[in-house]
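Novice: Contents of model_39.tsv (TSV, N, CA and C atoms) are below:
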```
chain	number	residue	atom	x	y	z
A	506	MET	N	0.79	-1.17	0.00
A	506	MET	CA	0.00	0.00	0.00
A	506	MET	C	0.86	1.26	0.00
A	507	ILE	N	1.89	1.24	0.79
A	507	ILE	CA	2.79	2.40	0.81
A	507	ILE	C	3.45	2.52	-0.56
A	508	ALA	N	3.73	1.43	-1.18
A	508	ALA	CA	4.34	1.47	-2.51
A	508	ALA	C	3.36	2.10	-3.50
A	509	ASP	N	2.09	1.80	-3.31
A	509	ASP	CA	1.09	2.38	-4.19
A	509	ASP	C	1.00	3.89	-3.98
A	510	ILE	N	1.07	4.30	-2.73
A	510	ILE	CA	1.01	5.73	-2.42
A	510	ILE	C	2.24	6.43	-2.98
A	511	VAL	N	3.39	5.82	-2.83
A	511	VAL	CA	4.63	6.41	-3.35
A	511	VAL	C	4.54	6.48	-4.89
A	512	LEU	N	4.05	5.43	-5.48
A	512	LEU	CA	3.91	5.41	-6.94
A	512	LEU	C	2.92	6.48	-7.38
A	513	PHE	N	1.82	6.58	-6.64
A	513	PHE	CA	0.81	7.59	-6.98
A	513	PHE	C	1.39	8.99	-6.79
A	514	ALA	N	2.13	9.20	-5.71
A	514	ALA	CA	2.73	10.51	-5.44
A	514	ALA	C	3.77	10.84	-6.50
A	515	SER	N	4.56	9.86	-6.93
A	515	SER	CA	5.55	10.12	-7.96
A	515	SER	C	4.87	10.40	-9.30
A	516	LEU	N	3.73	9.75	-9.55
A	516	LEU	CA	2.97	10.04	-10.79
A	516	LEU	C	2.43	11.47	-10.76
A	517	ILE	N	1.89	11.86	-9.63
A	517	ILE	CA	1.38	13.23	-9.50
A	517	ILE	C	2.53	14.21	-9.64
A	518	GLY	N	3.65	13.92	-9.04
A	518	GLY	CA	4.83	14.80	-9.17
A	518	GLY	C	5.29	14.89	-10.62
A	519	SER	N	5.29	13.75	-11.28
A	519	SER	CA	5.69	13.74	-12.70
A	519	SER	C	4.71	14.55	-13.54
A	520	VAL	N	3.43	14.39	-13.29
A	520	VAL	CA	2.41	15.15	-14.04
A	520	VAL	C	2.59	16.63	-13.78
A	521	LEU	N	2.83	17.01	-12.52
A	521	LEU	CA	3.03	18.42	-12.19
A	521	LEU	C	4.31	18.95	-12.86
A	522	ALA	N	5.36	18.14	-12.87
A	522	ALA	CA	6.61	18.55	-13.51
A	522	ALA	C	6.41	18.74	-15.01
A	523	VAL	N	5.68	17.81	-15.63
A	523	VAL	CA	5.39	17.94	-17.07
A	523	VAL	C	4.53	19.18	-17.31
A	524	GLY	N	3.58	19.43	-16.41
A	524	GLY	CA	2.73	20.63	-16.53
A	524	GLY	C	3.56	21.90	-16.45
A	525	ARG	N	4.50	21.95	-15.47
A	525	ARG	CA	5.38	23.11	-15.34
A	525	ARG	C	6.25	23.28	-16.59
A	526	PHE	N	6.78	22.16	-17.06
A	526	PHE	CA	7.63	22.19	-18.24
A	526	PHE	C	6.84	22.74	-19.44
A	527	LEU	N	5.63	22.25	-19.62
A	527	LEU	CA	4.79	22.71	-20.74
A	527	LEU	C	4.43	24.19	-20.59
A	528	ARG	N	4.15	24.60	-19.34
A	528	ARG	CA	3.85	26.01	-19.12
A	528	ARG	C	5.05	26.88	-19.45
A	529	ASN	N	6.25	26.46	-19.03
A	529	ASN	CA	7.47	27.20	-19.35
A	529	ASN	C	7.70	27.26	-20.86
A	530	GLN	N	7.45	26.13	-21.51
A	530	GLN	CA	7.61	26.09	-22.96
A	530	GLN	C	6.62	27.04	-23.65
A	531	ARG	N	5.37	27.05	-23.15
A	531	ARG	CA	4.36	27.94	-23.70
A	531	ARG	C	4.77	29.40	-23.52
A	532	THR	N	5.30	29.73	-22.35
A	532	THR	CA	5.75	31.09	-22.08
A	532	THR	C	6.89	31.46	-23.01
A	533	GLU	N	7.85	30.55	-23.19
A	533	GLU	CA	8.96	30.81	-24.10
A	533	GLU	C	8.46	30.98	-25.53
A	534	LEU	N	7.52	30.12	-25.93
A	534	LEU	CA	6.96	30.22	-27.29
A	534	LEU	C	6.24	31.55	-27.49
A	535	LYS	N	5.49	31.98	-26.47
A	535	LYS	CA	4.81	33.27	-26.57
A	535	LYS	C	5.83	34.38	-26.77
A	536	GLY	N	6.91	34.33	-26.01
A	536	GLY	CA	7.97	35.33	-26.14
A	536	GLY	C	8.60	35.29	-27.53
A	537	ASP	N	8.89	34.07	-28.00
A	537	ASP	CA	9.49	33.92	-29.33
A	537	ASP	C	8.54	34.41	-30.42
A	538	ILE	N	7.27	34.07	-30.27
A	538	ILE	CA	6.28	34.51	-31.25
A	538	ILE	C	6.16	36.03	-31.23
A	539	GLY	N	6.19	36.62	-30.03
A	539	GLY	CA	6.14	38.08	-29.91
A	539	GLY	C	7.33	38.74	-30.59
A	540	LYS	N	8.52	38.15	-30.36
A	540	LYS	CA	9.73	38.69	-31.00
A	540	LYS	C	9.64	38.58	-32.51
A	541	LEU	N	9.19	37.41	-33.00
A	541	LEU	CA	9.05	37.20	-34.44
A	541	LEU	C	8.03	38.18	-35.04
A	542	ARG	N	6.94	38.37	-34.32
A	542	ARG	CA	5.91	39.30	-34.78
A	542	ARG	C	6.49	40.71	-34.90
A	543	THR	N	7.26	41.11	-33.89
A	543	THR	CA	7.87	42.43	-33.91
A	543	THR	C	8.88	42.55	-35.06
A	544	GLU	N	9.69	41.51	-35.25
A	544	GLU	CA	10.66	41.52	-36.34
A	544	GLU	C	9.97	41.59	-37.70
A	545	ILE	N	8.91	40.80	-37.85
A	545	ILE	CA	8.18	40.78	-39.12
A	545	ILE	C	7.54	42.15	-39.38
A	546	LYS	N	6.96	42.75	-38.35
A	546	LYS	CA	6.37	44.09	-38.51
A	546	LYS	C	7.44	45.09	-38.93
A	547	GLY	N	8.61	44.99	-38.30
A	547	GLY	CA	9.70	45.89	-38.66
A	547	GLY	C	10.15	45.69	-40.11
A	548	GLU	N	10.28	44.42	-40.50
A	548	GLU	CA	10.68	44.11	-41.89
A	548	GLU	C	9.64	44.60	-42.88
A	549	LEU	N	8.37	44.37	-42.53
A	549	LEU	CA	7.30	44.83	-43.42
A	549	LEU	C	7.31	46.35	-43.54
A	550	GLY	N	7.54	47.03	-42.44
A	550	GLY	CA	7.62	48.49	-42.48
A	550	GLY	C	8.76	48.95	-43.37
A	551	THR	N	9.90	48.27	-43.24
A	551	THR	CA	11.06	48.61	-44.08
A	551	THR	C	10.75	48.35	-45.56
A	552	LEU	N	10.13	47.21	-45.83
A	552	LEU	CA	9.76	46.88	-47.22
A	552	LEU	C	8.77	47.89	-47.78
A	553	ARG	N	7.79	48.29	-46.97
A	553	ARG	CA	6.83	49.30	-47.43
A	553	ARG	C	7.54	50.59	-47.77
A	554	THR	N	8.45	51.01	-46.90
A	554	THR	CA	9.20	52.25	-47.15
A	554	THR	C	10.01	52.13	-48.44
A	555	GLU	N	10.69	50.99	-48.62
A	555	GLU	CA	11.48	50.79	-49.83
A	555	GLU	C	10.59	50.78	-51.06
A	556	LEU	N	9.45	50.10	-50.97
A	556	LEU	CA	8.53	50.05	-52.11
A	556	LEU	C	7.99	51.44	-52.45
A	557	LYS	N	7.64	52.20	-51.43
A	557	LYS	CA	7.17	53.56	-51.68
A	557	LYS	C	8.25	54.39	-52.36
A	558	SER	N	9.48	54.22	-51.90
A	558	SER	CA	10.59	54.93	-52.52
A	558	SER	C	10.79	54.49	-53.97
A	559	ASP	N	10.72	53.17	-54.20
A	559	ASP	CA	10.86	52.65	-55.56
A	559	ASP	C	9.74	53.14	-56.46
A	560	ILE	N	8.53	53.13	-55.94
A	560	ILE	CA	7.38	53.60	-56.72
A	560	ILE	C	7.55	55.08	-57.07
A	561	ALA	N	7.99	55.86	-56.10
A	561	ALA	CA	8.21	57.28	-56.36
A	561	ALA	C	9.29	57.46	-57.42
A	562	GLY	N	10.35	56.65	-57.35
A	562	GLY	CA	11.41	56.74	-58.36
A	562	GLY	C	10.91	56.37	-59.74
A	563	VAL	N	10.10	55.33	-59.81
A	563	VAL	CA	9.56	54.91	-61.11
A	563	VAL	C	8.63	55.98	-61.67
A	564	ARG	N	7.82	56.55	-60.80
A	564	ARG	CA	6.93	57.64	-61.25
A	564	ARG	C	7.74	58.82	-61.77
A	565	LYS	N	8.80	59.16	-61.04
A	565	LYS	CA	9.64	60.29	-61.47
A	565	LYS	C	10.27	59.99	-62.82
A	566	GLU	N	10.79	58.76	-62.98
A	566	GLU	CA	11.37	58.37	-64.26
A	566	GLU	C	10.32	58.41	-65.37
A	567	GLY	N	9.10	57.99	-65.05
A	567	GLY	CA	8.02	58.03	-66.04
A	567	GLY	C	7.71	59.45	-66.47
A	568	VAL	N	7.66	60.36	-65.51
A	568	VAL	CA	7.39	61.76	-65.83
A	568	VAL	C	8.53	62.33	-66.67
A	569	GLU	N	9.76	62.03	-66.27
A	569	GLU	CA	10.92	62.52	-67.03
A	569	GLU	C	10.93	61.94	-68.44
A	570	GLY	N	10.62	60.65	-68.55
A	570	GLY	CA	10.58	60.01	-69.87
A	570	GLY	C	9.48	60.62	-70.73
A	571	ARG	N	8.34	60.87	-70.12
A	571	ARG	CA	7.23	61.48	-70.86
A	571	ARG	C	7.61	62.87	-71.34
A	572	THR	N	8.28	63.63	-70.48
A	572	THR	CA	8.70	64.98	-70.85
A	572	THR	C	9.69	64.92	-72.01
A	573	ARG	N	10.64	63.97	-71.93
A	573	ARG	CA	11.61	63.83	-73.05
A	573	ARG	C	10.90	63.46	-74.34
A	574	LEU	N	9.95	62.52	-74.24
A	574	LEU	CA	9.21	62.11	-75.45
A	574	LEU	C	8.39	63.26	-76.02
A	575	GLU	N	7.76	64.04	-75.16
A	575	GLU	CA	6.98	65.18	-75.64
A	575	GLU	C	7.89	66.18	-76.34
A	576	LYS	N	9.09	66.41	-75.80
A	576	LYS	CA	10.04	67.33	-76.44
A	576	LYS	C	10.48	66.77	-77.80
A	577	GLN	N	10.78	65.46	-77.84
A	577	GLN	CA	11.19	64.85	-79.10
A	577	GLN	C	10.06	64.92	-80.13
A	578	ILE	N	8.83	64.70	-79.68
A	578	ILE	CA	7.69	64.79	-80.60
A	578	ILE	C	7.55	66.22	-81.13
A	579	ALA	N	7.71	67.20	-80.24
A	579	ALA	CA	7.64	68.59	-80.67
A	579	ALA	C	8.74	68.90	-81.68
A	580	ASP	N	9.95	68.39	-81.43
A	580	ASP	CA	11.07	68.61	-82.36
A	580	ASP	C	10.78	67.98	-83.72
A	581	VAL	N	10.24	66.76	-83.71
A	581	VAL	CA	9.92	66.07	-84.97
A	581	VAL	C	8.82	66.84	-85.72
A	582	ARG	N	7.83	67.31	-84.98
A	582	ARG	CA	6.76	68.09	-85.63
A	582	ARG	C	7.32	69.36	-86.27
A	583	ALA	N	8.20	70.05	-85.55
A	583	ALA	CA	8.81	71.27	-86.09
A	583	ALA	C	9.63	70.94	-87.33
A	584	GLU	N	10.37	69.84	-87.27
A	584	GLU	CA	11.16	69.44	-88.43
A	584	GLU	C	10.26	69.09	-89.61
A	585	LEU	N	9.15	68.41	-89.34
A	585	LEU	CA	8.20	68.08	-90.41
A	585	LEU	C	7.58	69.34	-91.02
A	586	ARG	N	7.29	70.32	-90.18
A	586	ARG	CA	6.76	71.59	-90.72
A	586	ARG	C	7.78	72.24	-91.64
A	587	GLY	N	9.06	72.21	-91.23
A	587	GLY	CA	10.12	72.77	-92.07
A	587	GLY	C	10.24	72.04	-93.39
A	588	VAL	N	10.19	70.71	-93.34
A	588	VAL	CA	10.27	69.91	-94.56
A	588	VAL	C	9.06	70.19	-95.45
A	589	GLU	N	7.89	70.28	-94.83
A	589	GLU	CA	6.68	70.56	-95.59
A	589	GLU	C	6.78	71.92	-96.28
A	590	LYS	N	7.31	72.90	-95.59
A	590	LYS	CA	7.47	74.24	-96.18
A	590	LYS	C	8.46	74.20	-97.33
A	591	ARG	N	9.60	73.51	-97.12
A	591	ARG	CA	10.59	73.42	-98.20
A	591	ARG	C	10.02	72.70	-99.41
A	592	LEU	N	9.27	71.61	-99.16
A	592	LEU	CA	8.65	70.89	-100.27
A	592	LEU	C	7.63	71.77	-100.98
A	593	GLY	N	6.86	72.53	-100.21
A	593	GLY	CA	5.89	73.46	-100.81
A	593	GLY	C	6.59	74.49	-101.67
A	594	ASP	N	7.72	75.01	-101.17
A	594	ASP	CA	8.49	75.98	-101.96
A	594	ASP	C	9.01	75.34	-103.24
A	595	ARG	N	9.48	74.10	-103.15
A	595	ARG	CA	9.99	73.41	-104.35
A	595	ARG	C	8.87	73.15	-105.35
A	596	VAL	N	7.69	72.77	-104.83
A	596	VAL	CA	6.54	72.55	-105.71
A	596	VAL	C	6.16	73.85	-106.42
A	597	ASP	N	6.16	74.94	-105.66
A	597	ASP	CA	5.85	76.24	-106.26
A	597	ASP	C	6.88	76.60	-107.33
A	598	ALA	N	8.15	76.34	-107.04
A	598	ALA	CA	9.21	76.63	-108.02
A	598	ALA	C	9.05	75.79	-109.28
A	599	VAL	N	8.74	74.51	-109.11
A	599	VAL	CA	8.54	73.63	-110.27
A	599	VAL	C	7.31	74.08	-111.06
A	600	ARG	N	6.25	74.48	-110.35
A	600	ARG	CA	5.04	74.97	-111.02
A	600	ARG	C	5.36	76.22	-111.84
A	601	ASP	N	6.13	77.16	-111.24
A	601	ASP	CA	6.50	78.38	-111.96
A	601	ASP	C	7.35	78.04	-113.19
A	602	GLU	N	8.28	77.13	-113.00
A	602	GLU	CA	9.13	76.73	-114.12
A	602	GLU	C	8.31	76.08	-115.23
A	603	LEU	N	7.32	75.27	-114.83
A	603	LEU	CA	6.44	74.62	-115.81
A	603	LEU	C	5.65	75.67	-116.59
A	604	VAL	N	5.15	76.68	-115.90
A	604	VAL	CA	4.42	77.75	-116.59
A	604	VAL	C	5.34	78.46	-117.57
A	605	GLU	N	6.57	78.78	-117.15
A	605	GLU	CA	7.53	79.44	-118.05
A	605	GLU	C	7.83	78.56	-119.26
A	606	THR	N	7.96	77.26	-118.99
A	606	THR	CA	8.25	76.33	-120.09
A	606	THR	C	7.07	76.28	-121.06
A	607	ARG	N	5.85	76.25	-120.54
A	607	ARG	CA	4.67	76.25	-121.42
A	607	ARG	C	4.60	77.51	-122.27
A	608	VAL	N	4.88	78.66	-121.62
A	608	VAL	CA	4.84	79.93	-122.37
A	608	VAL	C	5.92	79.92	-123.44
A	609	ALA	N	7.12	79.46	-123.09
A	609	ALA	CA	8.21	79.43	-124.06
A	609	ALA	C	7.88	78.47	-125.20
A	610	MET	N	7.29	77.31	-124.85
A	610	MET	CA	6.91	76.35	-125.90
A	610	MET	C	5.82	76.93	-126.80
A	611	ALA	N	4.85	77.62	-126.20
A	611	ALA	CA	3.78	78.23	-127.00
A	611	ALA	C	4.38	79.28	-127.93
A	612	ASP	N	5.34	80.05	-127.43
A	612	ASP	CA	5.99	81.07	-128.26
A	612	ASP	C	6.76	80.42	-129.41
A	613	ARG	N	7.48	79.34	-129.12
A	613	ARG	CA	8.23	78.63	-130.16
A	613	ARG	C	7.28	78.04	-131.20
A	614	VAL	N	6.20	77.44	-130.71
A	614	VAL	CA	5.22	76.86	-131.64
A	614	VAL	C	4.63	77.95	-132.53
A	615	ALA	N	4.31	79.12	-131.91
A	615	ALA	CA	3.75	80.23	-132.70
A	615	ALA	C	4.76	80.70	-133.75
A	616	ARG	N	6.03	80.79	-133.37
A	616	ARG	CA	7.05	81.22	-134.35
A	616	ARG	C	7.18	80.19	-135.47
A	617	LEU	N	7.18	78.93	-135.11
A	617	LEU	CA	7.29	77.87	-136.10
A	617	LEU	C	6.10	77.88	-137.04
A	618	GLU	N	4.91	78.02	-136.48
A	618	GLU	CA	3.72	78.09	-137.31
A	618	GLU	C	3.77	79.31	-138.22
A	619	GLY	N	4.25	80.42	-137.68
A	619	GLY	CA	4.35	81.64	-138.49
A	619	GLY	C	5.29	81.44	-139.66
A	620	ARG	N	6.40	80.77	-139.42
A	620	ARG	CA	7.35	80.52	-140.52
A	620	ARG	C	6.77	79.55	-141.54
A	621	VAL	N	6.14	78.51	-141.02
A	621	VAL	CA	5.61	77.48	-141.92
A	621	VAL	C	4.44	78.02	-142.74
A	622	PHE	N	3.54	78.71	-142.08
A	622	PHE	CA	2.31	79.15	-142.75
A	622	PHE	C	2.39	80.60	-143.21
A	623	GLY	N	3.49	81.29	-142.95
A	623	GLY	CA	3.67	82.67	-143.38
A	623	GLY	C	2.84	83.66	-142.61
A	624	VAL	N	2.48	83.36	-141.41
A	624	VAL	CA	1.68	84.27	-140.57
A	624	VAL	C	2.64	85.03	-139.68
A	625	PRO	N	2.57	86.38	-139.69
A	625	PRO	CA	3.49	87.13	-138.84
A	625	PRO	C	3.06	87.04	-137.38
A	626	LEU	N	4.04	87.13	-136.51
A	626	LEU	CA	3.76	87.14	-135.07
A	626	LEU	C	3.06	88.43	-134.70
A	627	PRO	N	2.10	88.39	-133.82
A	627	PRO	CA	1.44	89.62	-133.45
A	627	PRO	C	2.40	90.59	-132.81
A	628	GLY	N	2.29	91.88	-133.19
A	628	GLY	CA	3.11	92.93	-132.60
A	628	GLY	C	4.51	93.01	-133.16
A	629	THR	N	4.85	92.21	-134.21
A	629	THR	CA	6.20	92.29	-134.74
A	629	THR	C	6.28	93.29	-135.88
A	630	GLY	N	5.13	93.57	-136.46
A	630	GLY	CA	5.10	94.55	-137.54
A	630	GLY	C	5.69	94.04	-138.85
A	631	THR	N	5.91	92.78	-138.96
A	631	THR	CA	6.44	92.21	-140.20
A	631	THR	C	5.32	91.96	-141.19
A	632	ASP	N	5.62	92.20	-142.45
A	632	ASP	CA	4.64	91.97	-143.50
A	632	ASP	C	4.98	90.64	-144.15
A	633	PRO	N	4.03	89.73	-144.21
A	633	PRO	CA	4.33	88.42	-144.77
A	633	PRO	C	4.54	88.46	-146.28
A	634	ALA	N	4.16	89.49	-146.93
A	634	ALA	CA	4.27	89.51	-148.38
A	634	ALA	C	5.58	89.91	-148.89
```
Please lay out the structure from this file as structure tokens.

Specialist:
Amino acid sequence: MIADIVLFASLIGSVLAVGRFLRNQRTELKGDIGKLRTEIKGELGTLRTELKSDIAGVRKEGVEGRTRLEKQIADVRAELRGVEKRLGDRVDAVRDELVETRVAMADRVARLEGRVFGVPLPGTGTDPA
């Protein structure tokens, strides 16, 4: 009977020791979890700050790139206007030259016809006879 009581007492002691051990482990785990939570929050805060900085940098680069593109587009448009004006001037020059050539050809044809058919040119005062 005493052996049973000793066995029972040692079982209760063992259960209490395991209970204390588990409680200590739970306390340590709570502390570790708290530390991890704090570290994770800190890391997340740092990552958020870095991401915000990166986003701001990308936005700034986008604005700068857009400004450069707008300037390049304006330069190309100005260059196209210049080319268009030069081409217009060349077309006008060719048109004027074509008119002069037509007038000269008409004059030559009139002179040739006058010689062939004996018709004097108007305003020359020549008598065909």

Novice: How many Å lie between atom C of Val581 (chain A) and CA of Glu566 (chain A), rounded to one decimal?

Specialist: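 Distance between the two atoms: 23.2 Å.
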
Novice: So that all listed atoms of region 509-527 of chain A fit with 4 Å spare on each side, what axis-aligned box centre and edge lengths in Å, to one decimal, would you give as lines of an AutoDock Vina configuration file?

Specialist:
```
center_x = 4.2
center_y = 13.0
center_z = -11.6
size_x = 14.8
size_y = 30.4
size_z = 26.3
```

Novice: Report the distance between atom N of Arg531 (chain A) and atom N of Leu516 (chain A) in Å, rounded to one decimal place.

Specialist: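 If I compute the distance from atom N of Arg531 (chain A) to atom N of Leu516 (chain A), I get 22.1 Å.
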
Novice: For CA of Thr572 (chain A) and CA of Thr554 (chain A), determine how far apart the two atoms are, in Å to one decimal place.

Specialist: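 For CA of Thr572 (chain A) relative to CA of Thr554 (chain A), the distance reads 26.9 Å.
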
Novice: Where atoms are missing, can you supply N, CA, C and O atoms for region 585-608 of chain A and output the lot as a compact mmCIF listing (two decimals), in the coordinates of the input?

Specialist:
```
# COMPACT_ATOMS: atom_id res chain seq x y z
N LEU A 585 9.15 68.41 -89.34
CA LEU A 585 8.20 68.08 -90.41
C LEU A 585 7.58 69.34 -91.02
O LEU A 585 7.40 69.41 -92.24
N ARG A 586 7.29 70.32 -90.18
CA ARG A 586 6.76 71.59 -90.72
C ARG A 586 7.78 72.24 -91.64
O ARG A 586 7.43 72.78 -92.69
N GLY A 587 9.06 72.21 -91.23
CA GLY A 587 10.12 72.77 -92.07
C GLY A 587 10.24 72.04 -93.39
O GLY A 587 10.37 72.66 -94.47
N VAL A 588 10.19 70.71 -93.34
CA VAL A 588 10.27 69.91 -94.56
C VAL A 588 9.06 70.19 -95.45
O VAL A 588 9.20 70.34 -96.67
N GLU A 589 7.89 70.28 -94.83
CA GLU A 589 6.68 70.56 -95.59
C GLU A 589 6.78 71.92 -96.28
O GLU A 589 6.41 72.06 -97.46
N LYS A 590 7.31 72.90 -95.59
CA LYS A 590 7.47 74.24 -96.18
C LYS A 590 8.46 74.20 -97.33
O LYS A 590 8.22 74.76 -98.41
N ARG A 591 9.60 73.51 -97.12
CA ARG A 591 10.59 73.42 -98.20
C ARG A 591 10.02 72.70 -99.41
O ARG A 591 10.23 73.10 -100.55
N LEU A 592 9.27 71.61 -99.16
CA LEU A 592 8.65 70.89 -100.27
C LEU A 592 7.63 71.77 -100.98
O LEU A 592 7.53 71.76 -102.21
N GLY A 593 6.86 72.53 -100.21
CA GLY A 593 5.89 73.46 -100.81
C GLY A 593 6.59 74.49 -101.67
O GLY A 593 6.13 74.81 -102.78
N ASP A 594 7.72 75.01 -101.17
CA ASP A 594 8.49 75.98 -101.96
C ASP A 594 9.01 75.34 -103.24
O ASP A 594 8.98 75.97 -104.31
N ARG A 595 9.48 74.10 -103.15
CA ARG A 595 9.99 73.41 -104.35
C ARG A 595 8.87 73.15 -105.35
O ARG A 595 9.04 73.30 -106.56
N VAL A 596 7.69 72.77 -104.83
CA VAL A 596 6.54 72.55 -105.71
C VAL A 596 6.16 73.85 -106.42
O VAL A 596 5.90 73.86 -107.63
N ASP A 597 6.16 74.94 -105.66
CA ASP A 597 5.85 76.24 -106.26
C ASP A 597 6.88 76.60 -107.33
O ASP A 597 6.52 77.10 -108.41
N ALA A 598 8.15 76.34 -107.04
CA ALA A 598 9.21 76.63 -108.02
C ALA A 598 9.05 75.79 -109.28
O ALA A 598 9.18 76.29 -110.41
N VAL A 599 8.74 74.51 -109.11
CA VAL A 599 8.54 73.63 -110.27
C VAL A 599 7.31 74.08 -111.06
O VAL A 599 7.32 74.10 -112.30
N ARG A 600 6.25 74.48 -110.35
CA ARG A 600 5.04 74.97 -111.02
C ARG A 600 5.36 76.22 -111.84
O ARG A 600 4.94 76.34 -113.00
N ASP A 601 6.13 77.16 -111.24
CA ASP A 601 6.50 78.38 -111.96
C ASP A 601 7.35 78.04 -113.19
O ASP A 601 7.16 78.62 -114.26
N GLU A 602 8.28 77.13 -113.00
CA GLU A 602 9.13 76.73 -114.12
C GLU A 602 8.31 76.08 -115.23
O GLU A 602 8.54 76.30 -116.42
N LEU A 603 7.32 75.27 -114.83
CA LEU A 603 6.44 74.62 -115.81
C LEU A 603 5.65 75.67 -116.59
O LEU A 603 5.50 75.57 -117.81
N VAL A 604 5.15 76.68 -115.90
CA VAL A 604 4.42 77.75 -116.59
C VAL A 604 5.34 78.46 -117.57
O VAL A 604 4.96 78.72 -118.73
N GLU A 605 6.57 78.78 -117.15
CA GLU A 605 7.53 79.44 -118.05
C GLU A 605 7.83 78.56 -119.26
O GLU A 605 7.92 79.04 -120.38
N THR A 606 7.96 77.26 -118.99
CA THR A 606 8.25 76.33 -120.09
C THR A 606 7.07 76.28 -121.06
O THR A 606 7.27 76.28 -122.28
N ARG A 607 5.85 76.25 -120.54
CA ARG A 607 4.67 76.25 -121.42
C ARG A 607 4.60 77.51 -122.27
O ARG A 607 4.32 77.45 -123.46
N VAL A 608 4.88 78.66 -121.62
CA VAL A 608 4.84 79.93 -122.37
C VAL A 608 5.92 79.92 -123.44
O VAL A 608 5.68 80.31 -124.60
```
